[in-house]
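Undergrad: Handing over work-v2.txt, compact mmCIF, C-alpha atoms.
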```
# COMPACT_ATOMS: atom_id res chain seq x y z
CA MET R 1083 0.00 0.00 0.00
CA PRO R 1084 1.40 3.48 -0.85
CA ARG R 1085 2.61 5.35 2.19
CA ALA R 1086 0.13 8.23 1.66
CA GLY R 1087 -2.78 5.78 1.57
CA LEU R 1088 -1.60 4.04 4.73
CA THR R 1089 -1.26 7.38 6.54
CA LEU R 1090 -4.77 8.35 5.51
CA ARG R 1091 -6.15 5.03 6.79
CA LEU R 1092 -4.38 5.41 10.12
CA LYS R 1093 -5.74 8.94 10.50
CA ALA R 1094 -9.23 7.60 9.83
CA LEU R 1095 -8.99 5.52 13.01
CA LYS R 1096 -9.63 8.69 15.05
CA ASN R 1097 -13.27 8.39 13.95
CA LEU R 1098 -13.91 5.06 15.67
CA PRO R 1099 -14.85 6.17 19.22
CA GLY R 1100 -17.37 8.74 20.38
CA TRP R 1101 -20.55 10.50 19.29
CA ARG R 1102 -22.03 9.64 15.90
CA THR R 1103 -24.64 11.04 13.55
CA PRO R 1104 -26.08 9.85 10.21
CA ARG R 1105 -26.00 13.45 8.94
CA LYS R 1106 -23.12 14.83 6.85
CA LEU R 1107 -22.12 17.73 9.11
CA VAL R 1108 -19.22 20.01 8.13
CA VAL R 1109 -17.60 22.40 10.64
CA PHE R 1110 -14.68 24.71 9.80
CA ASN R 1111 -12.63 25.44 12.94
CA VAL R 1112 -10.18 28.22 12.09
CA ASP R 1113 -7.74 29.43 14.76
CA ASP R 1114 -5.96 32.73 15.49
CA TYR R 1115 -8.48 35.39 14.49
CA GLY R 1116 -8.06 38.69 16.30
CA ASN R 1117 -4.39 38.06 17.03
CA ILE R 1118 -1.72 40.56 16.01
CA ARG R 1119 1.39 38.64 14.91
CA LEU R 1120 3.28 40.55 12.20
CA ALA R 1121 2.06 44.10 11.58
CA SER R 1122 3.25 44.67 8.00
CA ARG R 1123 5.99 44.10 5.43
CA THR R 1124 7.75 47.16 6.85
CA ALA R 1125 7.64 45.58 10.32
CA ALA R 1126 9.13 42.35 8.93
CA LYS R 1127 12.00 44.30 7.35
CA ARG R 1128 12.74 46.21 10.54
CA LEU R 1129 12.65 43.03 12.65
CA ALA R 1130 15.12 41.38 10.29
CA GLN R 1131 17.40 44.42 10.58
CA ALA R 1132 17.22 44.03 14.39
CA GLY R 1133 18.31 40.40 14.11
CA VAL R 1134 14.90 38.83 14.81
CA ALA R 1135 14.54 35.63 12.79
CA LEU R 1136 11.12 35.24 11.21
CA THR R 1137 10.86 31.55 10.35
CA GLY R 1138 7.81 29.58 9.33
CA ARG R 1139 4.52 30.63 7.83
CA PHE R 1140 3.05 32.25 10.95
CA ASP R 1141 5.94 34.66 11.58
CA GLN R 1142 6.26 35.43 7.89
CA LEU R 1143 2.63 35.72 6.74
CA ASP R 1144 0.19 35.91 9.67
CA THR R 1145 -1.37 39.32 10.31
CA LEU R 1146 -4.52 40.68 11.89
CA GLU R 1147 -7.21 40.11 9.28
CA THR R 1148 -7.62 43.08 6.93
CA ARG R 1149 -10.74 44.37 5.20
CA ALA R 1150 -9.58 42.71 1.95
CA ASP R 1151 -8.99 39.41 3.78
CA LEU R 1152 -12.49 39.37 5.24
CA ASP R 1153 -14.21 40.68 2.13
CA ALA R 1154 -12.71 37.93 -0.03
CA LEU R 1155 -13.36 35.25 2.61
CA LEU R 1156 -17.02 36.20 3.00
CA ASP R 1157 -17.47 36.09 -0.77
CA VAL R 1158 -16.16 32.51 -0.89
CA LEU R 1159 -18.28 31.34 2.06
CA ASP R 1160 -21.39 32.93 0.56
CA SER R 1161 -20.77 31.41 -2.88
CA VAL R 1162 -22.14 27.97 -1.94
CA ARG R 1163 -25.33 26.59 -0.43
CA ASP R 1164 -25.73 23.31 1.41
CA SER R 1165 -28.70 20.94 1.35
CA THR R 1166 -30.62 23.26 3.70
CA GLY R 1167 -29.92 26.36 1.62
CA ARG R 1168 -27.33 27.64 4.04
CA PRO R 1169 -23.93 29.14 3.05
CA ALA R 1170 -20.64 27.82 4.36
CA VAL R 1171 -19.77 28.85 7.92
CA PHE R 1172 -16.41 29.60 9.54
CA THR R 1173 -15.96 29.23 13.29
CA PRO R 1174 -13.13 31.76 13.78
CA TYR R 1175 -11.56 30.96 17.15
CA THR R 1176 -10.77 34.48 18.26
CA VAL R 1177 -8.68 36.20 20.92
CA CYS R 1178 -10.27 39.30 22.38
CA ALA R 1179 -7.15 41.35 23.24
CA ASN R 1180 -3.66 42.19 22.04
CA PRO R 1181 -0.73 43.94 23.69
CA ASP R 1182 -1.12 47.69 24.06
CA PHE R 1183 2.07 48.42 22.17
CA ALA R 1184 2.18 52.16 22.88
CA SER R 1185 1.75 51.59 26.62
CA LEU R 1186 4.42 48.88 26.67
CA ARG R 1187 6.87 51.05 24.77
CA ALA R 1188 6.40 53.73 27.43
CA ASP R 1189 6.57 51.29 30.36
CA PRO R 1190 7.71 47.74 29.50
CA ASP R 1191 7.30 46.62 33.12
CA SER R 1192 3.54 47.21 33.25
CA TRP R 1193 1.31 44.96 31.14
CA LYS R 1194 -1.66 46.59 29.46
CA ALA R 1195 -3.96 44.93 26.93
CA GLU R 1196 -5.77 46.45 23.98
CA ALA R 1197 -9.30 45.11 23.42
CA LEU R 1198 -9.92 43.73 19.94
CA PRO R 1199 -12.22 46.54 18.72
CA GLU R 1200 -9.53 49.02 19.87
CA SER R 1201 -6.91 47.13 17.83
CA PHE R 1202 -9.06 47.51 14.71
CA ALA R 1203 -9.77 51.18 15.47
CA ARG R 1204 -6.05 51.93 15.97
CA LEU R 1205 -5.05 50.17 12.78
CA ALA R 1206 -7.86 51.83 10.82
CA ALA R 1207 -6.33 55.19 11.82
CA GLU R 1208 -2.73 54.09 11.14
CA ASP R 1209 -3.35 52.12 7.95
CA PRO R 1210 -6.79 53.02 6.59
CA GLN R 1211 -6.15 51.41 3.22
CA ALA R 1212 -5.88 48.00 4.89
CA TYR R 1213 -8.07 48.32 7.99
CA ASP R 1214 -10.71 51.01 7.57
CA GLY R 1215 -14.09 49.29 7.94
CA THR R 1216 -12.66 45.90 8.93
CA TRP R 1217 -14.45 45.66 12.27
CA ALA R 1218 -17.75 46.62 10.62
CA LEU R 1219 -17.16 43.86 8.07
CA TRP R 1220 -16.53 41.42 10.94
CA ARG R 1221 -19.95 42.32 12.33
CA GLU R 1222 -21.53 41.99 8.91
CA GLY R 1223 -20.09 38.49 8.52
CA ILE R 1224 -21.65 37.51 11.85
CA ASP R 1225 -25.01 39.02 10.92
CA ARG R 1226 -25.01 37.16 7.60
CA GLY R 1227 -24.35 33.86 9.38
CA LEU R 1228 -20.98 33.35 7.68
CA LEU R 1229 -18.88 33.82 10.84
CA GLN R 1230 -19.65 32.30 14.22
CA PRO R 1231 -16.72 33.35 16.46
CA GLU R 1232 -15.73 31.32 19.49
CA PHE R 1233 -13.17 31.79 22.28
CA HIS R 1234 -9.45 31.22 21.64
CA GLY R 1235 -8.15 33.01 24.73
CA ARG R 1236 -7.60 36.56 25.88
CA GLU R 1237 -4.24 36.99 24.12
CA HIS R 1238 -2.32 34.52 21.96
CA LEU R 1239 0.74 35.06 24.17
CA ASN R 1240 2.23 33.50 27.26
CA LEU R 1241 2.12 36.42 29.65
CA ARG R 1242 4.65 35.01 32.13
CA LEU R 1243 7.23 34.44 29.39
CA LEU R 1244 6.58 37.82 27.83
CA MET R 1245 6.95 39.75 31.09
CA ARG R 1246 10.23 37.96 31.86
CA LYS R 1247 11.57 38.99 28.47
CA LEU R 1248 10.34 42.55 28.94
CA ALA R 1249 11.98 42.75 32.38
CA ARG R 1250 15.31 41.82 30.75
CA ARG R 1251 14.66 44.13 27.79
CA ASP R 1252 15.41 41.24 25.43
CA VAL R 1253 16.31 42.51 21.96
CA ASP R 1254 13.66 40.46 20.17
CA VAL R 1255 10.73 41.65 22.27
CA MET R 1256 11.86 45.30 22.33
CA ALA R 1257 12.26 45.28 18.55
CA ASN R 1258 8.73 43.87 18.23
CA LEU R 1259 7.29 46.63 20.42
CA GLN R 1260 8.76 49.24 18.10
CA VAL R 1261 6.84 47.83 15.13
CA ALA R 1262 3.64 46.80 17.00
CA SER R 1263 4.21 43.10 16.36
CA MET R 1264 4.70 39.86 18.28
CA ALA R 1265 6.66 37.59 15.95
CA GLY R 1266 9.85 35.55 16.12
CA LEU R 1267 10.24 35.71 19.91
CA LYS R 1268 12.78 33.28 21.34
CA ASP R 1269 11.94 30.87 24.14
CA ASP R 1270 13.00 31.53 27.74
CA PRO R 1271 15.32 28.78 29.07
CA GLY R 1272 13.81 29.35 32.52
CA LEU R 1273 10.40 28.25 31.21
CA PRO R 1274 11.15 24.97 29.44
CA GLY R 1275 8.50 23.76 27.03
CA VAL R 1276 6.69 27.10 26.94
CA GLY R 1277 6.64 28.98 23.62
CA PHE R 1278 5.67 32.63 23.32
CA THR R 1279 2.36 31.77 21.60
CA HIS R 1280 1.41 29.19 24.27
CA ALA R 1281 -1.03 31.38 26.21
CA PHE R 1282 -1.64 28.57 28.72
CA GLY R 1283 1.71 26.84 28.42
CA LEU R 1284 2.80 25.77 31.89
CA ALA R 1285 6.28 25.67 33.40
CA ASP R 1286 5.00 24.70 36.84
CA ARG R 1287 1.72 24.62 38.74
CA SER R 1288 2.20 28.12 40.05
CA ASP R 1289 1.11 29.31 36.59
CA LEU R 1290 -2.41 27.95 37.08
CA SER R 1291 -3.61 30.89 39.18
CA GLN R 1292 -2.68 33.38 36.46
CA HIS R 1293 -4.19 31.15 33.79
CA ARG R 1294 -7.49 31.08 35.65
CA GLU R 1295 -7.52 34.87 35.89
CA ILE R 1296 -6.76 35.27 32.20
CA ILE R 1297 -9.39 32.74 31.13
CA ALA R 1298 -12.11 34.31 33.28
CA ASP R 1299 -11.24 37.80 32.07
CA GLY R 1300 -11.06 36.62 28.47
CA ILE R 1301 -14.43 34.87 28.53
CA ALA R 1302 -16.02 38.00 29.99
CA GLY R 1303 -14.26 40.12 27.36
CA PHE R 1304 -15.52 37.88 24.55
CA ALA R 1305 -19.12 38.36 25.72
CA ARG R 1306 -18.68 42.15 25.84
CA ILE R 1307 -17.15 42.29 22.37
CA PHE R 1308 -19.49 39.94 20.53
CA GLY R 1309 -22.67 40.52 22.52
CA ARG R 1310 -23.10 36.85 23.47
CA PRO R 1311 -21.21 34.33 25.61
CA ALA R 1312 -18.76 31.96 23.96
CA ALA R 1313 -19.98 28.39 23.68
CA CYS R 1314 -16.70 26.76 22.60
CA PHE R 1315 -13.05 27.11 23.52
CA THR R 1316 -9.87 25.89 21.89
CA PRO R 1317 -6.64 26.91 23.66
CA PRO R 1318 -3.77 28.52 21.74
CA ALA R 1319 -1.26 25.89 20.54
CA GLN R 1320 -3.49 23.30 22.30
CA ARG R 1321 -1.77 23.88 25.65
CA LEU R 1322 -4.19 23.53 28.58
CA HIS R 1323 -3.66 21.97 31.99
CA PRO R 1324 -6.32 19.29 32.67
CA GLU R 1325 -7.47 21.10 35.84
CA LEU R 1326 -8.59 24.05 33.71
CA LYS R 1327 -11.20 22.07 31.77
CA GLY R 1328 -13.66 22.19 34.64
CA PHE R 1329 -12.81 25.84 35.24
CA VAL R 1330 -13.78 26.94 31.72
CA ALA R 1331 -17.03 24.95 32.04
CA GLU R 1332 -17.81 26.84 35.26
CA HIS R 1333 -17.46 30.05 33.25
CA GLY R 1334 -20.04 29.05 30.67
CA ILE R 1335 -18.01 27.19 28.05
CA ARG R 1336 -20.09 24.25 26.80
CA ALA R 1337 -17.50 22.61 24.52
CA ILE R 1338 -13.72 22.31 24.35
CA ASP R 1339 -12.33 21.81 20.85
CA ARG R 1340 -9.25 19.54 20.82
CA PRO R 1341 -7.19 17.37 18.47
CA LEU R 1342 -7.33 13.59 18.79
CA HIS R 1343 -4.30 13.64 21.08
CA ALA R 1344 -2.28 16.33 22.82
CA VAL R 1345 0.66 16.55 25.19
CA GLN R 1346 -0.39 18.00 28.54
CA GLN R 1347 2.12 19.90 30.68
CA ILE R 1348 1.50 18.80 34.27
CA ASP R 1349 4.24 20.36 36.41
CA ARG R 1350 7.96 21.20 36.11
CA GLY R 1351 8.62 19.46 32.81
CA ARG R 1352 6.37 16.49 33.57
CA THR R 1353 3.95 15.76 30.72
CA ARG R 1354 1.41 13.16 29.76
CA ARG R 1355 -0.47 12.31 26.61
CA ALA R 1356 -4.20 12.85 26.47
CA PHE R 1357 -6.56 11.26 23.93
CA HIS R 1358 -9.84 12.97 23.18
CA VAL R 1359 -13.15 11.46 22.12
CA MET R 1360 -16.02 13.30 20.43
CA GLY R 1361 -19.06 13.83 22.67
CA ARG R 1362 -19.78 14.21 26.36
CA LYS R 1363 -17.93 12.09 28.89
CA ARG R 1364 -19.78 10.98 32.00
CA GLY R 1365 -19.11 13.27 34.95
CA ARG R 1366 -17.96 16.23 32.85
CA ASP R 1367 -19.76 19.51 32.34
CA HIS R 1368 -18.57 20.07 28.78
CA VAL R 1369 -18.70 18.45 25.36
CA THR R 1370 -15.45 17.50 23.65
CA LEU R 1371 -15.17 18.35 19.96
CA VAL R 1372 -12.41 16.45 18.14
CA ARG R 1373 -10.88 17.75 14.92
CA ASN R 1374 -10.52 14.96 12.38
CA VAL R 1375 -9.69 16.79 9.13
CA MET R 1376 -6.71 19.08 8.49
CA PHE R 1377 -6.92 21.78 5.83
CA GLU R 1378 -3.79 23.95 5.70
CA PRO R 1379 -3.29 25.10 2.07
CA ASN R 1380 -0.01 26.96 2.67
CA LEU R 1381 1.60 24.38 4.93
CA ALA R 1382 2.93 22.25 2.07
CA PRO R 1383 2.18 24.06 -1.21
CA CYS R 1384 3.30 21.10 -3.33
CA ARG R 1385 0.67 18.85 -1.71
CA ASP R 1386 -2.90 18.61 -3.00
CA GLU R 1387 -4.50 19.80 0.23
CA VAL R 1388 -8.02 19.68 -1.18
CA ALA R 1389 -7.74 16.01 -2.14
CA ARG R 1390 -6.16 15.22 1.22
CA ALA R 1391 -8.96 16.96 3.13
CA LEU R 1392 -11.63 15.22 1.04
CA GLY R 1393 -10.14 11.84 1.93
CA LEU R 1394 -10.32 12.66 5.62
CA ILE R 1395 -13.88 14.00 5.30
CA GLU R 1396 -14.88 10.76 3.57
CA ALA R 1397 -13.40 8.77 6.46
CA ALA R 1398 -15.30 10.88 9.00
CA PHE R 1399 -18.61 10.40 7.22
CA ARG R 1400 -18.00 6.69 6.75
CA TRP R 1401 -17.86 6.30 10.53
CA GLY R 1402 -20.80 8.58 11.23
CA LYS R 1403 -18.74 11.54 12.45
CA PRO R 1404 -19.00 15.24 11.66
CA ALA R 1405 -16.16 16.54 9.50
CA MET R 1406 -14.36 18.78 12.01
CA ILE R 1407 -12.01 20.68 9.70
CA SER R 1408 -8.99 22.27 11.37
CA SER R 1409 -7.35 25.32 9.82
CA HIS R 1410 -5.64 28.63 10.66
CA ARG R 1411 -6.12 32.24 9.60
CA VAL R 1412 -2.62 32.34 8.11
CA ASN R 1413 -3.88 30.34 5.11
CA PHE R 1414 -6.16 33.22 4.12
CA CYS R 1415 -4.02 36.28 4.97
CA GLY R 1416 -2.93 38.65 2.21
CA HIS R 1417 -1.57 41.72 4.00
CA ILE R 1418 2.04 40.55 3.63
CA ASP R 1419 1.57 38.57 0.42
CA PRO R 1420 -1.71 38.90 -1.52
CA ALA R 1421 -0.81 35.72 -3.43
CA ASN R 1422 -1.08 33.77 -0.17
CA ARG R 1423 -4.68 34.89 0.34
CA LYS R 1424 -5.56 34.22 -3.29
CA ALA R 1425 -4.15 30.69 -3.19
CA GLY R 1426 -5.72 29.85 0.18
CA LEU R 1427 -9.17 31.06 -0.76
CA ALA R 1428 -9.00 29.34 -4.15
CA ALA R 1429 -8.26 26.08 -2.33
CA LEU R 1430 -11.13 26.74 0.09
CA LYS R 1431 -13.51 27.34 -2.82
CA ARG R 1432 -12.41 24.10 -4.50
CA LEU R 1433 -12.93 22.23 -1.24
CA LEU R 1434 -16.42 23.65 -0.67
CA ASP R 1435 -17.50 22.88 -4.23
CA ALA R 1436 -16.09 19.34 -4.02
CA ILE R 1437 -17.86 18.65 -0.71
CA LEU R 1438 -21.23 19.61 -2.15
CA ARG R 1439 -20.66 17.65 -5.38
CA ARG R 1440 -19.66 14.50 -3.51
CA TRP R 1441 -22.15 14.82 -0.65
CA PRO R 1442 -25.19 16.83 -1.82
CA ASP R 1443 -26.79 16.28 1.60
CA ALA R 1444 -23.89 17.93 3.47
CA GLU R 1445 -24.78 20.59 6.07
CA PHE R 1446 -22.59 23.47 7.25
CA LEU R 1447 -22.61 24.23 10.99
CA GLY R 1448 -20.71 26.37 13.43
CA ALA R 1449 -18.86 24.61 16.25
CA GLY R 1450 -21.28 25.99 18.84
CA GLU R 1451 -24.24 24.62 16.91
CA LEU R 1452 -22.61 21.20 16.74
CA ALA R 1453 -21.98 21.26 20.50
CA GLN R 1454 -25.64 22.11 21.06
CA GLN R 1455 -26.74 19.15 18.94
CA ILE R 1456 -24.44 16.79 20.84
CA GLU R 1457 -25.84 18.08 24.13
CA ALA R 1458 -29.40 17.61 22.91
CA SER R 1459 -28.72 14.00 21.92
CA ALA R 1460 -27.02 13.04 25.19
```
For the file at hand, write its structure as structure tokens.

TA:
Amino acid sequence: MPRAGLTLRLKALKNLPGWRTPRKLVVFNVDDYGNIRLASRTAAKRLAQAGVALTGRFDQLDTLETRADLDALLDVLDSVRDSTGRPAVFTPYTVCANPDFASLRADPDSWKAEALPESFARLAAEDPQAYDGTWALWREGIDRGLLQPEFHGREHLNLRLLMRKLARRDVDVMANLQVASMAGLKDDPGLPGVGFTHAFGLADRSDLSQHREIIADGIAGFARIFGRPAACFTPPAQRLHPELKGFVAEHGIRAIDRPLHAVQQIDRGRTRRAFHVMGRKRGRDHVTLVRNVMFEPNLAPCRDEVARALGLIEAAFRWGKPAMISSHRVNFCGHIDPANRKAGLAALKRLLDAILRRWPDAEFLGAGELAQQIEASA
């Protein structure tokens, strides 16, 4: 058997356990919305001049979504209709705050956050060609049923790591402040296993108190920004201590969105593997949603990502599972490179059209709607 076929069959095994449905449900779970990573091409150039290495697609291409990004995305989502007459839906897992760069430049020892609408307002004033009207377009996408945002955290940053680097005035973080970015930050040897994007990455159990405060504040902030409570949560970089699962449920989260397996940081370098099953587990107050399809068009440009995703969707449906499609905003960003957005959205359009050709009875749902259906069937 060809290696690619064997890999696809092994990945299909994730669909064996857990909740099932005879319906062909399709959910797009897309991480990192709202997060400011790289501000602009000018910022990338200045970071390189400061010696900050921007490696990988996120540091090189990922920016806060622009008006052009959202406008083109909404056009693609609205270009198809499922068996119920509904357009395609994105669940953008969204952070609700970013660093207040001006405040941190003035006083690097005092953390201050900038709420998401303030980030869009600031950028609309600084770069109106890219950002004027973007937040209004966000709201339009929600009103049209094309975007159903859910909670990805308060910031997409590990606050303990960041404050340690700020206290030392590390070159990489100070250079980022000057260009209103958070890209290419080096790890802190004193916090092993914690990357700068791991908002809830844990070096030791003493971090849990701060994580609880951030989660509670972030969930409240999400409700203020979007006018409704979040139903679902997926943690940045999939780092979340097991004790925090009950905590997020206590704060109104009905579903936690996870991969099939993840490495959990327990305490002081000690880890364990966790395997997740779709549905509600006895004794828990939340539903687990398990991603079983990967769609990352710019991860390996030479690979036919549409065909790969269709194979995984077919496996999910064969075993009576929703197609939980995992993706990231970086695939659809064009602020740094418009060709990246064009290619990513073209792949998304091909995928949507192929789904509806192959499964005319497919239905598009948001992650929160799927969680509600699982709850109702329990």

Undergrad: Please report the interatomic distance between atom CA of R:Arg1242 and atom CA of R:Ala1313 in Å with one decimal.

TA: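 Between these atoms lies a distance of 26.9 Å.
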
Undergrad: Any idea what's packed within 12 Å of R:Phe1357, counting all atoms listed in the file, ignoring anything in its chain fewer than 2 positions away? Could you give it as a ChimeraX atom specification?

TA: /R:1096,1099-1100,1324,1340-1346,1354-1355,1359-1360,1370-1373

Undergrad: How far is it from atom CA of R:Phe1202 to atom CA of R:Trp1217, in Å with one decimal?

TA: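 Straight-line distance from atom CA of R:Phe1202 to atom CA of R:Trp1217 works out to 6.2 Å.
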
Undergrad: How far is it from atom CA of R:Glu1232 to atom CA of R:Asp1386, in Å with one decimal?

TA: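 According to the coordinates, atom CA of R:Glu1232 and atom CA of R:Asp1386 are separated by 28.8 Å.
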
Undergrad: Just want the 7 Å neighbourhood of R:Thr1316, counted on only C-alpha atoms, with same-chain residues fewer than 4 positions away dropped. Output as a list of chain:residue names.

TA: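 Here the qualifying residues turn out to be R:Phe1233, R:His1234, R:Gln1320, R:Ile1338, R:Asp1339, R:Arg1340.
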
Undergrad: Please identify all polymer residues within 9 Å of stretch 1450-1454 of chain R, counting all atoms listed in the file, omitting same-chain residues fewer than 4 positions from it, and present them as number ranges by chain.

TA: R: 1107, 1109, 1173, 1230-1232, 1312-1314, 1336-1337, 1361, 1369-1371, 1404, 1458-1459

Undergrad: Could you write out the selected residues, including C-alpha atoms, as a short mmCIF file (atom, residue, chain, number, x, y, z; two decimals), keeping the file's coordinate frame?

TA:
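Written file, result-v2.cif:
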```cif
data_model
loop_
_atom_site.label_atom_id
_atom_site.label_comp_id
_atom_site.auth_asym_id
_atom_site.auth_seq_id
_atom_site.Cartn_x
_atom_site.Cartn_y
_atom_site.Cartn_z
CA LEU R 1107 -22.12 17.73 9.11
CA VAL R 1109 -17.60 22.40 10.64
CA THR R 1173 -15.96 29.23 13.29
CA GLN R 1230 -19.65 32.30 14.22
CA PRO R 1231 -16.72 33.35 16.46
CA GLU R 1232 -15.73 31.32 19.49
CA ALA R 1312 -18.76 31.96 23.96
CA ALA R 1313 -19.98 28.39 23.68
CA CYS R 1314 -16.70 26.76 22.60
CA ARG R 1336 -20.09 24.25 26.80
CA ALA R 1337 -17.50 22.61 24.52
CA GLY R 1361 -19.06 13.83 22.67
CA VAL R 1369 -18.70 18.45 25.36
CA THR R 1370 -15.45 17.50 23.65
CA LEU R 1371 -15.17 18.35 19.96
CA PRO R 1404 -19.00 15.24 11.66
CA ALA R 1458 -29.40 17.61 22.91
CA SER R 1459 -28.72 14.00 21.92
#
```

Undergrad: For R:Asp1153, find every residue with an atom within 9 Å (counting all atoms listed in the file), except residues of its own chain fewer than 6 positions away, and show them as a PyMOL selection string.

TA: chain R and resi 1216+1219+1223

Undergrad: List the spatial neighbours of stretch 1261-1276 of chain R as a PyMOL selection string - criterion: any atom at most 9 Å away, only C-alpha atoms, same-chain residues fewer than 6 positions off excluded.

TA: chain R and resi 1118-1122+1124-1126+1128-1129+1134-1137+1140-1142+1181-1184+1239-1240+1242-1244+1246-1247+1254-1255+1282-1286+1347+1350-1351

Undergrad: Nearest to R:His1417 among R:Gln1211, R:Ser1201, R:Thr1166, R:Gln1131, with distances taken over all atoms listed in the file: which residue is it?

TA: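 Nearest candidate to R:His1417 out of R:Gln1211, R:Ser1201, R:Thr1166, R:Gln1131: R:Gln1211.
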
Undergrad: Between R:Met1245, R:Val1330, R:Ala1170, R:Ala1425, single out the one closest to R:Val1108, counting all atoms listed in the file.

TA: R:Ala1170

Undergrad: Once you count all atoms listed in the file, which residues end up no further than 10 Å from (-7.0, 33.4, 33.6) in the file's frame, shown as a compact mmCIF listing (two decimals) with C-alpha atoms, in the frame of the given file?

TA:
```
# COMPACT_ATOMS: atom_id res chain seq x y z
CA GLY R 1235 -8.15 33.01 24.73
CA ARG R 1236 -7.60 36.56 25.88
CA ALA R 1281 -1.03 31.38 26.21
CA PHE R 1282 -1.64 28.57 28.72
CA ASP R 1289 1.11 29.31 36.59
CA LEU R 1290 -2.41 27.95 37.08
CA SER R 1291 -3.61 30.89 39.18
CA GLN R 1292 -2.68 33.38 36.46
CA HIS R 1293 -4.19 31.15 33.79
CA ARG R 1294 -7.49 31.08 35.65
CA GLU R 1295 -7.52 34.87 35.89
CA ILE R 1296 -6.76 35.27 32.20
CA ILE R 1297 -9.39 32.74 31.13
CA ALA R 1298 -12.11 34.31 33.28
CA ASP R 1299 -11.24 37.80 32.07
CA GLY R 1300 -11.06 36.62 28.47
CA ILE R 1301 -14.43 34.87 28.53
CA LEU R 1326 -8.59 24.05 33.71
CA PHE R 1329 -12.81 25.84 35.24
CA VAL R 1330 -13.78 26.94 31.72
```

Undergrad: For the point (-23.2, 33.2, 8.8) in the file's frame, write as a PyMOL selection string all residues with an atom no more than 10 Å away, counting all atoms listed in the file.

TA: chain R and resi 1156+1159-1160+1168-1173+1222-1230+1446-1448

Undergrad: Which residue, R:Ala1305, R:Ala1405, R:Met1256, R:Leu1433, has the smallest gap to R:His1333 when you use all atoms listed in the file?

TA: R:Ala1305

Undergrad: Which residue gives the smallest distance to R:Asp1189 among R:His1238, R:Arg1306, R:Arg1204, R:Arg1251, with all atoms listed in the file counted?

TA: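 Smallest distance to R:Asp1189 is found for R:Arg1251.
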
Undergrad: Regenerate stretch 1173-1187 of chain R at the level of N, CA and C atoms and dump it as a JSON list (two decimals), in the frame of the given file.

TA:
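The resulting file, selection-v2.json, is reproduced below:
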```
[["chain", "number", "residue", "atom", "x", "y", "z"],
["R", 1173, "THR", "N", -16.04, 28.96, 11.86],
["R", 1173, "THR", "CA", -15.96, 29.23, 13.29],
["R", 1173, "THR", "C", -14.57, 29.81, 13.54],
["R", 1174, "PRO", "N", -14.43, 31.16, 13.54],
["R", 1174, "PRO", "CA", -13.13, 31.76, 13.78],
["R", 1174, "PRO", "C", -12.86, 31.78, 15.30],
["R", 1175, "TYR", "N", -11.95, 30.92, 15.74],
["R", 1175, "TYR", "CA", -11.56, 30.96, 17.15],
["R", 1175, "TYR", "C", -10.72, 32.21, 17.34],
["R", 1176, "THR", "N", -11.21, 33.09, 18.23],
["R", 1176, "THR", "CA", -10.77, 34.48, 18.26],
["R", 1176, "THR", "C", -10.25, 34.87, 19.64],
["R", 1177, "VAL", "N", -9.12, 35.57, 19.67],
["R", 1177, "VAL", "CA", -8.68, 36.20, 20.92],
["R", 1177, "VAL", "C", -9.34, 37.57, 21.02],
["R", 1178, "CYS", "N", -9.54, 38.04, 22.22],
["R", 1178, "CYS", "CA", -10.27, 39.30, 22.38],
["R", 1178, "CYS", "C", -9.39, 40.45, 22.84],
["R", 1179, "ALA", "N", -8.05, 40.25, 22.86],
["R", 1179, "ALA", "CA", -7.15, 41.35, 23.24],
["R", 1179, "ALA", "C", -5.78, 41.12, 22.62],
["R", 1180, "ASN", "N", -5.05, 42.20, 22.50],
["R", 1180, "ASN", "CA", -3.66, 42.19, 22.04],
["R", 1180, "ASN", "C", -2.84, 43.07, 22.97],
["R", 1181, "PRO", "N", -1.52, 43.02, 22.88],
["R", 1181, "PRO", "CA", -0.73, 43.94, 23.69],
["R", 1181, "PRO", "C", -1.03, 45.39, 23.32],
["R", 1182, "ASP", "N", -1.04, 46.25, 24.32],
["R", 1182, "ASP", "CA", -1.12, 47.69, 24.06],
["R", 1182, "ASP", "C", 0.31, 48.16, 23.80],
["R", 1183, "PHE", "N", 0.67, 48.19, 22.53],
["R", 1183, "PHE", "CA", 2.07, 48.42, 22.17],
["R", 1183, "PHE", "C", 2.57, 49.79, 22.61],
["R", 1184, "ALA", "N", 1.76, 50.82, 22.48],
["R", 1184, "ALA", "CA", 2.18, 52.16, 22.88],
["R", 1184, "ALA", "C", 2.45, 52.22, 24.38],
["R", 1185, "SER", "N", 1.57, 51.60, 25.17],
["R", 1185, "SER", "CA", 1.75, 51.59, 26.62],
["R", 1185, "SER", "C", 3.01, 50.82, 27.01],
["R", 1186, "LEU", "N", 3.25, 49.70, 26.34],
["R", 1186, "LEU", "CA", 4.42, 48.88, 26.67],
["R", 1186, "LEU", "C", 5.72, 49.56, 26.22],
["R", 1187, "ARG", "N", 5.66, 50.31, 25.15],
["R", 1187, "ARG", "CA", 6.87, 51.05, 24.77],
["R", 1187, "ARG", "C", 7.21, 52.09, 25.83]]
```
